[in-house]
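Asks: After the structure tokens below, expect a handful of questions from me.
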Amino acid sequence: MRRIAEEDLRYKSYVIKVRQMLSEAAKMKIVARCNLLLSSLKNSEQSRFESFGLLRVERIDRVTNKSRHPNVTSLQAAIKAAFANMDKNALQRACQRFRTRIEAVIEAKGGYIE
């Protein structure tokens with residue numbers, strides 16, 4: 001029955017997406033943080049490297065989290081190797097997406113973005 005519904009009829013079940021309701025105070029706090037982050041990206045060269053820590057580069061996470069590292073030095077070496085082997089275009093795309101996501105949150109006034 002399931003195969004007929006999914007494959008033959010191309011039926012997809014509806015999934016309810018549940019999200020936490022944000023209060024106006026929480027939305028304003030999110031907007032304030034995003035504005036502060038955006039202004040720090042524009043103004044200071046050093047802050048660009050500090051805010052890069054906020055960027056989640058999934059490829060780096062995948063490589064470094066594959067195995068457990070016995071100490072900090074081993075983890076740092078794995079991160080450096082992952083960045084050295086990373087495609088430069090992928091890194092550039094990740095940085096561009098980060099800024100557009102921050103701007104989208106500001107446009108949504110702290111609400112949810114798609």
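By order in the structure tokens, chains are A, B, ...; within a chain, residues start at 1; ligands start at 1, following the order shown.
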Which neighbours of A:Met86 fall inside 12 Å, counting only C-alpha atoms, when residues of the same chain fewer than 4 positions from it are skipped, and could you give them as a PyMOL selection string?
Replies: chain A and resi 57-63+79-82+90-92+94
Asks: Suppose we keep N, CA and C atoms; can you now write the selection as an mmCIF file, in the first residue's frame?
Replies:
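Written out: part_38.cif:
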```
data_model
loop_
_atom_site.group_PDB
_atom_site.id
_atom_site.type_symbol
_atom_site.label_atom_id
_atom_site.label_comp_id
_atom_site.auth_asym_id
_atom_site.auth_seq_id
_atom_site.Cartn_x
_atom_site.Cartn_y
_atom_site.Cartn_z
ATOM 1 N N VAL A 57 31.805 25.815 8.920
ATOM 2 C CA VAL A 57 32.195 25.221 7.654
ATOM 3 C C VAL A 57 32.038 23.717 7.833
ATOM 4 N N GLU A 58 30.983 23.178 7.243
ATOM 5 C CA GLU A 58 30.635 21.782 7.472
ATOM 6 C C GLU A 58 31.710 20.822 6.998
ATOM 7 N N ARG A 59 32.397 21.182 5.946
ATOM 8 C CA ARG A 59 33.454 20.296 5.455
ATOM 9 C C ARG A 59 34.560 20.142 6.489
ATOM 10 N N ILE A 60 34.892 21.223 7.153
ATOM 11 C CA ILE A 60 35.927 21.171 8.187
ATOM 12 C C ILE A 60 35.436 20.328 9.358
ATOM 13 N N ASP A 61 34.182 20.533 9.756
ATOM 14 C CA ASP A 61 33.614 19.745 10.849
ATOM 15 C C ASP A 61 33.628 18.258 10.524
ATOM 16 N N ARG A 62 33.252 17.922 9.293
ATOM 17 C CA ARG A 62 33.223 16.516 8.899
ATOM 18 C C ARG A 62 34.601 15.877 9.003
ATOM 19 N N VAL A 63 35.616 16.598 8.561
ATOM 20 C CA VAL A 63 36.971 16.042 8.575
ATOM 21 C C VAL A 63 37.497 15.919 10.000
ATOM 22 N N ILE A 79 42.630 20.479 12.034
ATOM 23 C CA ILE A 79 41.921 21.651 11.505
ATOM 24 C C ILE A 79 42.773 22.366 10.465
ATOM 25 N N LYS A 80 44.058 22.544 10.753
ATOM 26 C CA LYS A 80 44.956 23.203 9.795
ATOM 27 C C LYS A 80 45.061 22.405 8.506
ATOM 28 N N ALA A 81 45.155 21.084 8.622
ATOM 29 C CA ALA A 81 45.240 20.239 7.425
ATOM 30 C C ALA A 81 43.948 20.307 6.624
ATOM 31 N N ALA A 82 42.810 20.340 7.313
ATOM 32 C CA ALA A 82 41.521 20.412 6.615
ATOM 33 C C ALA A 82 41.383 21.734 5.872
ATOM 34 N N ALA A 90 34.903 26.879 -2.229
ATOM 35 C CA ALA A 90 33.956 26.476 -1.186
ATOM 36 C C ALA A 90 34.046 27.408 0.016
ATOM 37 N N LEU A 91 35.256 27.802 0.369
ATOM 38 C CA LEU A 91 35.437 28.729 1.483
ATOM 39 C C LEU A 91 34.838 30.093 1.160
ATOM 40 N N GLN A 92 35.025 30.544 -0.060
ATOM 41 C CA GLN A 92 34.474 31.831 -0.482
ATOM 42 C C GLN A 92 32.946 31.798 -0.457
ATOM 43 N N ALA A 94 31.069 29.906 1.453
ATOM 44 C CA ALA A 94 30.638 29.865 2.854
ATOM 45 C C ALA A 94 30.653 31.264 3.470
#
```
Asks: Just give me the gap between atom CA of A:Asn35 and atom CA of A:Ile113 in Å, one decimal is fine.
Replies: 16.1 Å
Asks: Set the distance at 12 Å and use only C-alpha atoms: which residues neighbour A:Lys27 once local chain neighbours fewer than 6 positions away are removed? I'd like the list as a VMD selection string.
Replies: chain A and resid 20 to 21 33 to 34 105 to 112
